[in-house]
Structure formats: C-alpha cells, structure tokens
file data.pdb (PDB, C-alpha atoms)
ATOM      1  CA  MET A   1    -106.211-200.999-108.255
ATOM      2  CA  THR A   2    -105.480-204.700-107.701
ATOM      3  CA  SER A   3    -101.900-205.489-106.800
ATOM      4  CA  VAL A   4    -100.101-208.318-108.629
ATOM      5  CA  PRO A   5     -98.247-210.788-106.392
ATOM      6  CA  PRO A   6     -94.485-210.804-107.034
ATOM      7  CA  ARG A   7     -94.504-214.472-108.175
ATOM      8  CA  LYS A   8     -97.272-213.848-110.741
ATOM      9  CA  SER A   9     -95.512-210.678-111.907
ATOM     10  CA  ARG A  10     -92.278-212.608-112.525
ATOM     11  CA  LEU A  11     -94.192-215.375-114.328
ATOM     12  CA  ARG A  12     -95.897-212.857-116.624
ATOM     13  CA  ALA A  13     -92.547-211.205-117.345
ATOM     14  CA  LEU A  14     -90.970-214.539-118.270
ATOM     15  CA  LEU A  15     -93.906-215.456-120.507
ATOM     16  CA  GLY A  16     -93.735-212.075-122.216
ATOM     17  CA  ALA A  17     -89.983-212.380-122.804
ATOM     18  CA  GLY A  18     -90.435-215.900-124.187
ATOM     19  CA  ALA A  19     -93.110-214.727-126.617
ATOM     20  CA  LEU A  20     -90.865-211.868-127.762
ATOM     21  CA  LEU A  21     -87.916-214.222-128.339
ATOM     22  CA  ALA A  22     -90.123-216.665-130.237
ATOM     23  CA  ALA A  23     -91.409-213.867-132.475
ATOM     24  CA  CYS A  24     -87.870-212.611-133.117
ATOM     25  CA  GLY A  25     -86.694-216.156-133.891
ATOM     26  CA  THR A  26     -89.541-216.689-136.337
ATOM     27  CA  THR A  27     -88.793-213.379-138.054
ATOM     28  CA  ALA A  28     -85.074-214.172-138.308
ATOM     29  CA  SER A  29     -85.823-217.614-139.699
ATOM     30  CA  ARG A  30     -88.114-216.176-142.359
ATOM     31  CA  ALA A  31     -85.549-213.512-143.243
ATOM     32  CA  ALA A  32     -82.860-216.172-143.629
ATOM     33  CA  ASP A  33     -85.141-218.220-145.873
ATOM     34  CA  LEU A  34     -85.886-215.246-148.098
ATOM     35  CA  ALA A  35     -82.197-214.333-148.380
ATOM     36  CA  VAL A  36     -81.313-217.567-150.180
ATOM     37  CA  ASP A  37     -82.183-217.320-153.854
ATOM     38  CA  GLY A  38     -82.427-221.070-154.185
ATOM     39  CA  PRO A  39     -85.259-223.360-155.179
ATOM     40  CA  ARG A  40     -88.110-223.823-152.762
ATOM     41  CA  GLN A  41     -91.841-224.190-152.898
ATOM     42  CA  THR A  42     -93.475-220.880-153.768
ATOM     43  CA  PRO A  43     -94.461-219.127-150.496
ATOM     44  CA  THR A  44     -98.172-218.609-150.014
ATOM     45  CA  PHE A  45     -97.724-214.821-150.062
ATOM     46  CA  THR A  46     -95.931-214.879-153.456
ATOM     47  CA  MET A  47     -98.202-214.420-156.458
ATOM     48  CA  VAL A  48     -97.065-216.004-159.721
ATOM     49  CA  ASP A  49     -98.354-214.115-162.722
ATOM     50  CA  PRO A  50     -98.484-216.547-165.685
ATOM     51  CA  SER A  51     -99.450-213.729-168.063
ATOM     52  CA  THR A  52     -96.135-211.884-167.650
ATOM     53  CA  TRP A  53     -92.616-213.103-168.314
ATOM     54  CA  ILE A  54     -89.303-211.894-166.953
ATOM     55  CA  VAL A  55     -86.790-212.331-169.763
ATOM     56  CA  THR A  56     -83.098-212.247-168.831
ATOM     57  CA  LEU A  57     -80.563-211.762-171.606
ATOM     58  CA  SER A  58     -76.982-212.648-170.670
ATOM     59  CA  GLY A  59     -73.631-212.131-172.324
ATOM     60  CA  SER A  60     -70.568-214.035-171.097
ATOM     61  CA  ILE A  61     -66.913-213.823-172.014
ATOM     62  CA  GLN A  62     -64.561-216.599-170.922
ATOM     63  CA  ALA A  63     -60.913-217.496-171.103
ATOM     64  CA  ILE A  64     -60.731-221.284-171.567
ATOM     65  CA  PRO A  65     -58.139-223.774-172.871
ATOM     66  CA  ARG A  66     -57.989-223.599-176.662
ATOM     67  CA  TYR A  67     -58.866-227.315-176.772
ATOM     68  CA  PRO A  68     -59.019-230.139-174.179
ATOM     69  CA  GLY A  69     -55.550-230.496-172.637
ATOM     70  CA  ALA A  70     -54.128-227.329-174.236
ATOM     71  CA  SER A  71     -51.611-225.139-172.442
ATOM     72  CA  ASP A  72     -52.696-221.915-174.166
ATOM     73  CA  TYR A  73     -56.043-220.146-173.890
ATOM     74  CA  ALA A  74     -58.665-218.550-176.100
ATOM     75  CA  ALA A  75     -61.335-215.948-175.382
ATOM     76  CA  VAL A  76     -64.884-216.992-176.245
ATOM     77  CA  PHE A  77     -68.153-215.060-176.053
ATOM     78  CA  TYR A  78     -71.595-216.582-175.928
ATOM     79  CA  PRO A  79     -75.121-215.286-175.220
ATOM     80  CA  SER A  80     -77.876-217.000-173.254
ATOM     81  CA  ILE A  81     -81.499-216.384-172.330
ATOM     82  CA  ASP A  82     -83.666-217.240-169.322
ATOM     83  CA  ILE A  83     -87.464-216.905-169.234
ATOM     84  CA  ARG A  84     -89.563-217.209-166.111
ATOM     85  CA  LYS A  85     -92.949-216.054-164.881
ATOM     86  CA  VAL A  86     -93.280-213.051-162.598
ATOM     87  CA  GLY A  87     -93.093-214.331-159.025
ATOM     88  CA  GLU A  88     -90.815-217.259-159.844
ATOM     89  CA  PRO A  89     -87.168-217.015-158.676
ATOM     90  CA  ARG A  90     -84.468-217.209-161.313
ATOM     91  CA  ARG A  91     -82.586-220.486-161.359
ATOM     92  CA  PHE A  92     -78.970-220.555-160.229
ATOM     93  CA  SER A  93     -76.561-221.558-162.987
ATOM     94  CA  THR A  94     -72.827-221.719-163.598
ATOM     95  CA  PRO A  95     -70.762-221.205-166.758
ATOM     96  CA  ASP A  96     -69.911-224.900-167.014
ATOM     97  CA  ASP A  97     -73.577-225.947-167.149
ATOM     98  CA  GLY A  98     -74.726-227.173-170.528
ATOM     99  CA  PHE A  99     -77.390-225.275-172.450
ATOM    100  CA  SER A 100     -80.479-226.668-170.736
ATOM    101  CA  LEU A 101     -84.277-226.702-170.895
ATOM    102  CA  SER A 102     -86.408-227.988-168.020
ATOM    103  CA  VAL A 103     -89.285-230.329-168.826
ATOM    104  CA  PHE A 104     -90.066-231.002-165.142
ATOM    105  CA  ASP A 105     -89.410-228.615-162.266
ATOM    106  CA  ASN A 106     -91.007-228.778-158.824
ATOM    107  CA  GLY A 107     -88.665-226.341-157.066
ATOM    108  CA  THR A 108     -86.406-229.008-155.580
ATOM    109  CA  PHE A 109     -85.806-231.300-158.539
ATOM    110  CA  ARG A 110     -85.702-230.608-162.265
ATOM    111  CA  ILE A 111     -84.759-232.554-165.352
ATOM    112  CA  GLY A 112     -84.556-231.961-169.089
ATOM    113  CA  PRO A 113     -82.394-231.940-172.228
ATOM    114  CA  THR A 114     -78.989-230.279-172.343
ATOM    115  CA  ALA A 115     -76.131-229.805-174.800
ATOM    116  CA  ARG A 116     -72.490-228.763-174.746
ATOM    117  CA  PHE A 117     -69.950-227.679-177.318
ATOM    118  CA  VAL A 118     -66.293-228.738-177.017
ATOM    119  CA  PRO A 119     -63.631-226.656-178.809
ATOM    120  CA  GLY A 120     -61.599-228.550-181.382
ATOM    121  CA  ARG A 121     -57.861-229.074-181.769
ATOM    122  CA  TYR A 122     -56.485-228.034-185.155
ATOM    123  CA  TYR A 123     -53.040-228.060-186.712
ATOM    124  CA  GLY A 124     -53.178-224.285-187.057
ATOM    125  CA  ASP A 125     -53.474-223.895-183.287
ATOM    126  CA  ASP A 126     -49.839-224.955-182.802
ATOM    127  CA  ARG A 127     -48.061-225.801-186.048
ATOM    128  CA  ARG A 128     -44.777-226.495-184.306
ATOM    129  CA  HIS A 129     -45.994-229.156-181.893
ATOM    130  CA  LEU A 130     -49.116-230.526-183.610
ATOM    131  CA  PHE A 131     -47.399-231.447-186.844
ATOM    132  CA  GLY A 132     -48.566-234.880-188.002
ATOM    133  CA  PHE A 133     -51.634-235.024-185.748
ATOM    134  CA  ARG A 134     -55.098-235.353-187.204
ATOM    135  CA  ASP A 135     -57.499-232.522-186.398
ATOM    136  CA  ALA A 136     -59.957-233.147-183.584
ATOM    137  CA  ARG A 137     -62.952-231.126-184.744
ATOM    138  CA  PHE A 138     -65.130-229.174-182.350
ATOM    139  CA  ALA A 139     -67.765-231.442-180.877
ATOM    140  CA  VAL A 140     -71.504-231.265-180.209
ATOM    141  CA  GLU A 141     -72.745-233.237-177.184
ATOM    142  CA  PRO A 142     -76.525-233.434-176.621
ATOM    143  CA  GLY A 143     -77.856-235.250-173.561
ATOM    144  CA  VAL A 144     -79.924-234.959-170.402
ATOM    145  CA  PHE A 145     -79.407-233.224-167.069
ATOM    146  CA  ALA A 146     -80.896-233.449-163.593
ATOM    147  CA  GLU A 147     -80.616-231.053-160.663
ATOM    148  CA  PHE A 148     -81.486-231.686-157.036
ATOM    149  CA  TYR A 149     -81.395-229.386-154.004
ATOM    150  CA  PRO A 150     -81.069-231.450-150.802
ATOM    151  CA  VAL A 151     -81.300-228.119-148.942
ATOM    152  CA  SER A 152     -81.991-224.636-150.275
ATOM    153  CA  PHE A 153     -78.321-223.584-150.306
ATOM    154  CA  ILE A 154     -76.777-226.657-152.008
ATOM    155  CA  ARG A 155     -77.294-227.471-155.670
ATOM    156  CA  THR A 156     -76.257-230.801-157.156
ATOM    157  CA  ARG A 157     -76.234-231.428-160.909
ATOM    158  CA  VAL A 158     -75.495-234.396-163.170
ATOM    159  CA  GLU A 159     -75.245-234.461-166.966
ATOM    160  CA  ALA A 160     -74.980-237.443-169.356
ATOM    161  CA  ARG A 161     -74.172-236.592-172.990
ATOM    162  CA  GLN A 162     -73.377-238.328-176.265
ATOM    163  CA  GLY A 163     -71.087-236.926-178.936
ATOM    164  CA  VAL A 164     -72.819-236.683-182.308
ATOM    165  CA  TYR A 165     -70.314-234.496-184.157
ATOM    166  CA  GLY A 166     -66.564-234.172-183.638
ATOM    167  CA  HIS A 167     -66.483-237.327-181.528
ATOM    168  CA  HIS A 168     -68.853-240.209-180.813
ATOM    169  CA  GLY A 169     -67.954-240.946-177.210
ATOM    170  CA  THR A 170     -70.136-240.876-174.098
ATOM    171  CA  VAL A 171     -69.326-238.221-171.495
ATOM    172  CA  GLY A 172     -70.735-237.052-168.198
ATOM    173  CA  SER A 173     -70.252-234.552-165.412
ATOM    174  CA  LEU A 174     -71.068-234.237-161.713
ATOM    175  CA  ALA A 175     -71.183-230.931-159.847
ATOM    176  CA  ALA A 176     -72.224-229.475-156.499
ATOM    177  CA  ASP A 177     -72.446-225.817-155.496
ATOM    178  CA  TYR A 178     -72.649-224.270-152.032
ATOM    179  CA  LEU A 179     -74.595-220.990-152.234
ATOM    180  CA  ILE A 180     -73.820-218.128-149.847
ATOM    181  CA  PRO A 181     -76.079-215.030-150.110
ATOM    182  CA  VAL A 182     -74.781-211.804-148.536
ATOM    183  CA  ASP A 183     -76.975-208.734-149.155
ATOM    184  CA  ASN A 184     -76.940-208.152-152.932
ATOM    185  CA  PHE A 185     -74.163-210.706-153.470
ATOM    186  CA  LEU A 186     -74.422-214.438-154.078
ATOM    187  CA  PHE A 187     -71.222-216.424-153.631
ATOM    188  CA  SER A 188     -70.900-220.010-154.845
ATOM    189  CA  ILE A 189     -68.230-222.670-154.765
ATOM    190  CA  GLY A 190     -68.174-226.394-155.365
ATOM    191  CA  PRO A 191     -66.386-229.463-156.749
ATOM    192  CA  ARG A 192     -66.464-230.727-160.328
ATOM    193  CA  PHE A 193     -65.926-234.192-161.793
ATOM    194  CA  ASN A 194     -65.918-234.998-165.525
ATOM    195  CA  MET A 195     -65.600-238.372-167.233
ATOM    196  CA  GLY A 196     -65.563-239.907-170.699
ATOM    197  CA  ASP A 197     -65.235-243.294-172.336
ATOM    198  CA  ALA A 198     -62.363-244.649-174.442
ATOM    199  CA  SER A 199     -63.769-243.205-177.676
ATOM    200  CA  TYR A 200     -63.722-239.681-176.237
ATOM    201  CA  ALA A 201     -60.283-240.167-174.654
ATOM    202  CA  ARG A 202     -58.696-241.415-177.887
ATOM    203  CA  LYS A 203     -60.084-238.473-179.849
ATOM    204  CA  TYR A 204     -58.405-235.781-177.752
ATOM    205  CA  PHE A 205     -55.616-237.575-175.889
ATOM    206  CA  GLY A 206     -54.651-240.571-178.028
ATOM    207  CA  VAL A 207     -51.599-240.811-180.336
ATOM    208  CA  SER A 208     -51.768-243.272-183.211
ATOM    209  CA  PRO A 209     -48.616-245.012-184.553
ATOM    210  CA  VAL A 210     -48.849-242.951-187.752
ATOM    211  CA  GLU A 211     -49.145-239.667-185.839
ATOM    212  CA  ALA A 212     -46.202-240.605-183.632
ATOM    213  CA  ALA A 213     -44.074-241.439-186.680
ATOM    214  CA  LEU A 214     -44.970-238.189-188.475
ATOM    215  CA  ASN A 215     -44.479-235.993-185.435
ATOM    216  CA  GLY A 216     -41.278-237.681-184.317
ATOM    217  CA  ARG A 217     -41.438-236.326-180.746
ATOM    218  CA  VAL A 218     -44.017-238.601-179.117
ATOM    219  CA  THR A 219     -44.684-242.324-178.848
ATOM    220  CA  PRO A 220     -48.020-244.046-179.612
ATOM    221  CA  TYR A 221     -50.515-243.823-176.772
ATOM    222  CA  ASP A 222     -53.998-245.329-176.349
ATOM    223  CA  PRO A 223     -55.920-243.976-173.309
ATOM    224  CA  ALA A 224     -58.736-246.204-172.098
ATOM    225  CA  SER A 225     -60.757-243.473-170.372
ATOM    226  CA  PHE A 226     -60.954-239.817-169.439
ATOM    227  CA  TYR A 227     -61.701-238.104-166.169
ATOM    228  CA  SER A 228     -60.844-234.846-164.453
ATOM    229  CA  ALA A 229     -61.570-233.264-161.091
ATOM    230  CA  GLY A 230     -61.586-229.668-159.962
ATOM    231  CA  VAL A 231     -63.504-226.771-158.429
ATOM    232  CA  LEU A 232     -65.470-223.745-159.620
ATOM    233  CA  GLY A 233     -66.260-220.570-157.692
ATOM    234  CA  GLY A 234     -68.169-217.420-158.539
ATOM    235  CA  VAL A 235     -69.857-214.289-157.249
ATOM    236  CA  THR A 236     -72.931-212.470-158.581
ATOM    237  CA  TYR A 237     -73.851-208.885-157.701
ATOM    238  CA  THR A 238     -77.496-207.984-158.310
ATOM    239  CA  GLN A 239     -77.665-204.231-158.780
ATOM    240  CA  SER A 240     -81.400-204.102-159.416
ATOM    241  CA  GLU A 241     -84.226-206.087-160.960
ATOM    242  CA  THR A 242     -82.747-205.128-164.330
ATOM    243  CA  TRP A 243     -78.961-205.554-164.018
ATOM    244  CA  ALA A 244     -76.702-208.201-162.477
ATOM    245  CA  TYR A 245     -72.974-208.908-162.861
ATOM    246  CA  SER A 246     -71.043-212.137-162.289
ATOM    247  CA  ALA A 247     -67.404-213.204-162.140
ATOM    248  CA  PHE A 248     -66.118-216.752-161.871
ATOM    249  CA  ALA A 249     -62.965-218.860-161.920
ATOM    250  CA  GLY A 250     -62.386-222.592-162.106
ATOM    251  CA  TYR A 251     -59.696-225.259-162.137
ATOM    252  CA  ASN A 252     -59.677-228.845-163.416
ATOM    253  CA  ARG A 253     -56.914-231.422-163.383
ATOM    254  CA  ILE A 254     -56.891-234.115-166.083
ATOM    255  CA  LEU A 255     -56.240-237.429-164.326
ATOM    256  CA  GLY A 256     -55.875-241.133-165.007
ATOM    257  CA  ALA A 257     -55.065-242.500-168.431
ATOM    258  CA  SER A 258     -55.758-239.218-170.242
ATOM    259  CA  GLY A 259     -53.658-237.340-167.704
ATOM    260  CA  ALA A 260     -50.697-239.532-168.671
ATOM    261  CA  SER A 261     -51.045-238.723-172.379
ATOM    262  CA  PRO A 262     -48.045-236.998-174.013
ATOM    263  CA  LEU A 263     -50.514-234.458-175.418
ATOM    264  CA  VAL A 264     -51.077-232.947-171.957
ATOM    265  CA  ARG A 265     -47.370-232.752-171.156
ATOM    266  CA  ARG A 266     -45.151-229.847-172.098
ATOM    267  CA  PRO A 267     -44.521-228.681-174.733
ATOM    268  CA  PHE A 268     -47.734-230.140-176.166
ATOM    269  CA  GLY A 269     -50.200-229.301-173.401
ATOM    270  CA  ASN A 270     -50.914-229.135-169.692
ATOM    271  CA  PRO A 271     -53.055-231.345-167.393
ATOM    272  CA  ASN A 272     -53.952-228.239-165.332
ATOM    273  CA  GLN A 273     -56.935-226.554-166.973
ATOM    274  CA  TYR A 274     -58.195-223.135-165.823
ATOM    275  CA  GLN A 275     -61.125-220.956-166.789
ATOM    276  CA  PHE A 276     -62.064-217.369-165.983
ATOM    277  CA  GLY A 277     -64.996-215.268-167.037
ATOM    278  CA  LEU A 278     -67.457-212.416-166.633
ATOM    279  CA  ARG A 279     -71.197-212.264-167.276
ATOM    280  CA  ILE A 280     -73.700-209.407-167.530
ATOM    281  CA  ASP A 281     -77.455-210.000-167.144
ATOM    282  CA  TYR A 282     -80.183-207.675-168.371
ATOM    283  CA  ALA A 283     -83.791-208.447-167.388
ATOM    284  CA  PHE A 284     -87.085-206.997-168.565
ATOM    285  CA  ARG A 285     -90.793-207.870-168.438
ATOM    286  CA  MET A 286     -93.040-208.713-171.361
ATOM    287  CA  PRO A 287     -96.468-210.308-171.943
ATOM    288  CA  ALA A 288     -96.325-214.104-172.027
ATOM    289  CA  LEU A 289     -96.411-215.517-175.541
ATOM    290  CA  PHE A 290     -97.963-218.829-174.505
TER     291      PHE A 290
END
call {"tool": "encode", "arguments": {"input": "data.pdb", "output": "structure tokens"}}
result
Amino acid sequence: MTSVPPRKSRLRALLGAGALLAACGTTASRAADLAVDGPRQTPTFTMVDPSTWIVTLSGSIQAIPRYPGASDYAAVFYPSIDIRKVGEPRRFSTPDDGFSLSVFDNGTFRIGPTARFVPGRYYGDDRRHLFGFRDARFAVEPGVFAEFYPVSFIRTRVEARQGVYGHHGTVGSLAADYLIPVDNFLFSIGPRFNMGDASYARKYFGVSPVEAALNGRVTPYDPASFYSAGVLGGVTYTQSETWAYSAFAGYNRILGASGASPLVRRPFGNPNQYQFGLRIDYAFRMPALF
C-alpha cells in the first residue's frame, strides 16, 4: 500500500469538500427555482404536450364597493377559465386583473386584449342620499394589457382601457406583485395605482348644478381627473393538481380631485375602498381542441 503524504491528503480532503458544497449549492439553487411558480423559460427536462390541455375552472366571490366611491358593499360572484398545455405552468393572476387573453407570451413578457366591468350607481342603491342624481350605469371597458417579470418572483402589469358603455372615459391601472412560495402556499402582495381622465371622473364623482339643486345637500363639483392608490394581498393553497383555494384582501384610497368630491364624503360615500374575496379552482385534463 502506498502512503499518502499529509499535505496531499489535506488537499484531497479540501477538494472533496469543495465539490460537495458546490453540488449542494447547485441542488439548492435548482430547488429554489422550481419552488417559484412564476414565468420562466421551459426547463429542458420539462415536456410540453400540445395534444393535451389542462383546463382550470374558477369560481370567485367578492365583497366590493357597490359602486365607485360607495361606502356600502355588495357581494358579487363571477366564473373564469384558464387553459394551458400540459407541462406549462399556470399564470399567476389576481382578482383585480381584467379578463385577459394573451396573444404573445414568451415566459417573461406577455401582451393581449383585456376588459373590465365597473358596477353602476343607481338611485335605488341609496334613495335617501342619491335623490336628484342621474344614474351612472355599469360600464364596460375593453383595452390592452401587458405583463413583465423582471425576476421570477415579481410580476408587473399595466392595463389601458376605454369605456364603451356606461362611460366614455379613458382609464388605466398599474400593479406589481411580490410572489412568495412556501410549500403548497403562494403568498402575494403589491401596490396598485388606478387613473382616469376627466370624462370618467365626472361620470362617477361629478355633481352638476341641476343635481346639486335637486339634492339640496351638495354643491356643484367638476373633477378634472381620477386616481387612486392602494395595495392587494393574497394567499393560494394548492391541495393537489385538481384543487386550489385562494383568499385575498385589498385597499384603495381615492385621491386628488375625485377624492375631494362630495360623493365620496359621508354620508354619500367613502374615499377608502376595500375588497375581500375567496376563489376555488378545479383543474382537469382533456384532449386539445386545436
């Protein structure tokens, strides 16, 4: 047997320990990457099956202000659907995203059409305080959206929309979400900023001279713009490939000219706008239809 000099033995031990640490570091890095369910280029070991879809049906119930600037709340329910190929991760979304369809998606950036619906303000919502005010019908706002992930755990999103029914103003929104995966949970939190032009602001926060005279409790008011700022947080628990459950809560403060409107001051309304909700997801596989 050939003896190993002490110096060479120590050198081999150090090299072996370094290789072990490097392997552990690489494994930990890969595990961390896989834990984040965010957009990234499809790993080489992931096979995308274009012949099979994963269809996710979702049902959400929310408590939201009855109309923009309202102080009381209404419960609303709405369904949604997500379709992706087997092997593709499901996209992260929040309840304040518009209904969207991607026309370009490379894993880091995506863009496409979107649409939102805004609840209307009607005399029957508050006969005591809304007497004399014209109804502000529910609105339909089609537009475009874009999402960008500067890193895998931060999503940024922008929407630009145009009212085509209910109002004819131009509106937009900016959002960012910080994603925190922990085992089967995905936590998210991030700021929100919404804006609108004078046409939108007058529709929901303006008071005409005739309305002021009929109501008798407010003075005429003409807001030149709308914007609000706030935050939204949520948590999703993925029980299995079939079932997932989400809860979320958000806050927005109406600011600027619209925030000074008498319609968002008591007893007519409130500039502090909250939302709460729950969502259930059910996923199943089916042959691709196209």
call {"tool": "atom_distance", "arguments": {"input": "data.pdb", "atom1": "atom CA of Arg127 of chain A", "atom2": "atom CA of Gly216 of chain A"}}
result
13.8 Å
call {"tool": "atom_distance", "arguments": {"input": "data.pdb", "atom1": "atom CA of Ala229 of chain A", "atom2": "atom CA of Val264 of chain A"}}
result
15.1 Å
call {"tool": "closest_residue", "arguments": {"input": "data.pdb", "among": "A:Glu211, A:Asp135, A:Asp183, A:Asp49", "to": "Arg84 of chain A", "atoms": "all atoms listed in the file"}}
result
A:Asp49
call {"tool": "resolve_selection", "arguments": {"input": "data.pdb", "expression": "the PyMOL selection byres ((chain A and resi 88-103) around 9)", "output": "VMD selection string"}}
result
chain A and resid 37 to 39 42 46 to 49 60 62 80 82 to 87 104 to 105 110 to 117 142 144 to 146 155 157 159 232 to 234 248 277 279
call {"tool": "atom_distance", "arguments": {"input": "data.pdb", "atom1": "atom CA of Ala139 of chain A", "atom2": "atom CA of Arg161 of chain A"}}
result
11.4 Å
call {"tool": "residues_around", "arguments": {"input": "data.pdb", "residues": "Val207 of chain A", "least_positions_apart": "5", "cutoff": "7 Å", "atoms": "all atoms listed in the file", "output": "ChimeraX atom specification"}}
result
/A:212,220-222
call {"tool": "decode", "arguments": {"input": "data.pdb", "residues": "segment 57-66 of chain A", "atoms": "all heavy atoms", "output": "short mmCIF file (atom, residue, chain, number, x, y, z; two decimals), in the first residue's frame"}}
result
data_model
loop_
_atom_site.label_atom_id
_atom_site.label_comp_id
_atom_site.auth_asym_id
_atom_site.auth_seq_id
_atom_site.Cartn_x
_atom_site.Cartn_y
_atom_site.Cartn_z
N LEU A 57 -61.21 25.62 -14.07
CA LEU A 57 -62.45 26.36 -13.88
C LEU A 57 -62.40 26.99 -12.49
O LEU A 57 -62.10 26.31 -11.51
CB LEU A 57 -63.66 25.45 -13.99
CG LEU A 57 -63.81 24.69 -15.32
CD1 LEU A 57 -65.03 23.77 -15.26
CD2 LEU A 57 -63.90 25.64 -16.49
N SER A 58 -62.69 28.28 -12.41
CA SER A 58 -62.61 29.01 -11.15
C SER A 58 -63.93 29.70 -10.85
O SER A 58 -64.61 30.19 -11.75
CB SER A 58 -61.48 30.05 -11.19
OG SER A 58 -60.25 29.45 -11.48
N GLY A 59 -64.26 29.74 -9.57
CA GLY A 59 -65.40 30.50 -9.09
C GLY A 59 -64.97 31.42 -7.98
O GLY A 59 -64.34 30.97 -7.01
N SER A 60 -65.26 32.71 -8.10
CA SER A 60 -64.83 33.70 -7.11
C SER A 60 -66.04 34.43 -6.54
O SER A 60 -66.98 34.74 -7.28
CB SER A 60 -63.87 34.72 -7.73
OG SER A 60 -62.72 34.09 -8.24
N ILE A 61 -66.00 34.71 -5.27
CA ILE A 61 -66.99 35.57 -4.64
C ILE A 61 -66.25 36.71 -3.96
O ILE A 61 -65.24 36.48 -3.28
CB ILE A 61 -67.87 34.79 -3.64
CG1 ILE A 61 -68.98 35.71 -3.11
CG2 ILE A 61 -67.06 34.16 -2.53
CD1 ILE A 61 -70.06 34.98 -2.34
N GLN A 62 -66.72 37.93 -4.19
CA GLN A 62 -66.04 39.12 -3.66
C GLN A 62 -67.03 40.04 -2.96
O GLN A 62 -68.21 40.10 -3.33
CB GLN A 62 -65.38 39.91 -4.80
CG GLN A 62 -64.25 39.21 -5.49
CD GLN A 62 -63.54 40.13 -6.45
OE1 GLN A 62 -63.30 41.31 -6.15
NE2 GLN A 62 -63.21 39.64 -7.63
N ALA A 63 -66.51 40.74 -1.98
CA ALA A 63 -67.22 41.87 -1.39
C ALA A 63 -66.52 43.13 -1.86
O ALA A 63 -65.33 43.34 -1.56
CB ALA A 63 -67.21 41.79 0.13
N ILE A 64 -67.21 43.96 -2.65
CA ILE A 64 -66.62 45.16 -3.24
C ILE A 64 -67.56 46.34 -3.02
O ILE A 64 -68.76 46.14 -2.74
CB ILE A 64 -66.36 44.98 -4.75
CG1 ILE A 64 -67.67 44.72 -5.49
CG2 ILE A 64 -65.36 43.85 -4.99
CD1 ILE A 64 -67.53 44.69 -6.99
N PRO A 65 -67.07 47.58 -3.12
CA PRO A 65 -67.98 48.73 -3.02
C PRO A 65 -69.10 48.61 -4.04
O PRO A 65 -68.90 48.19 -5.18
CB PRO A 65 -67.06 49.92 -3.31
CG PRO A 65 -65.70 49.45 -2.90
CD PRO A 65 -65.65 48.00 -3.25
N ARG A 66 -70.30 49.01 -3.65
CA ARG A 66 -71.47 48.86 -4.52
C ARG A 66 -71.28 49.62 -5.84
O ARG A 66 -71.78 49.22 -6.88
CB ARG A 66 -72.72 49.35 -3.79
CG ARG A 66 -74.02 49.09 -4.53
CD ARG A 66 -75.21 49.47 -3.68
NE ARG A 66 -75.29 48.66 -2.49
CZ ARG A 66 -75.88 47.45 -2.45
NH1 ARG A 66 -76.41 46.95 -3.55
NH2 ARG A 66 -75.93 46.77 -1.33
#
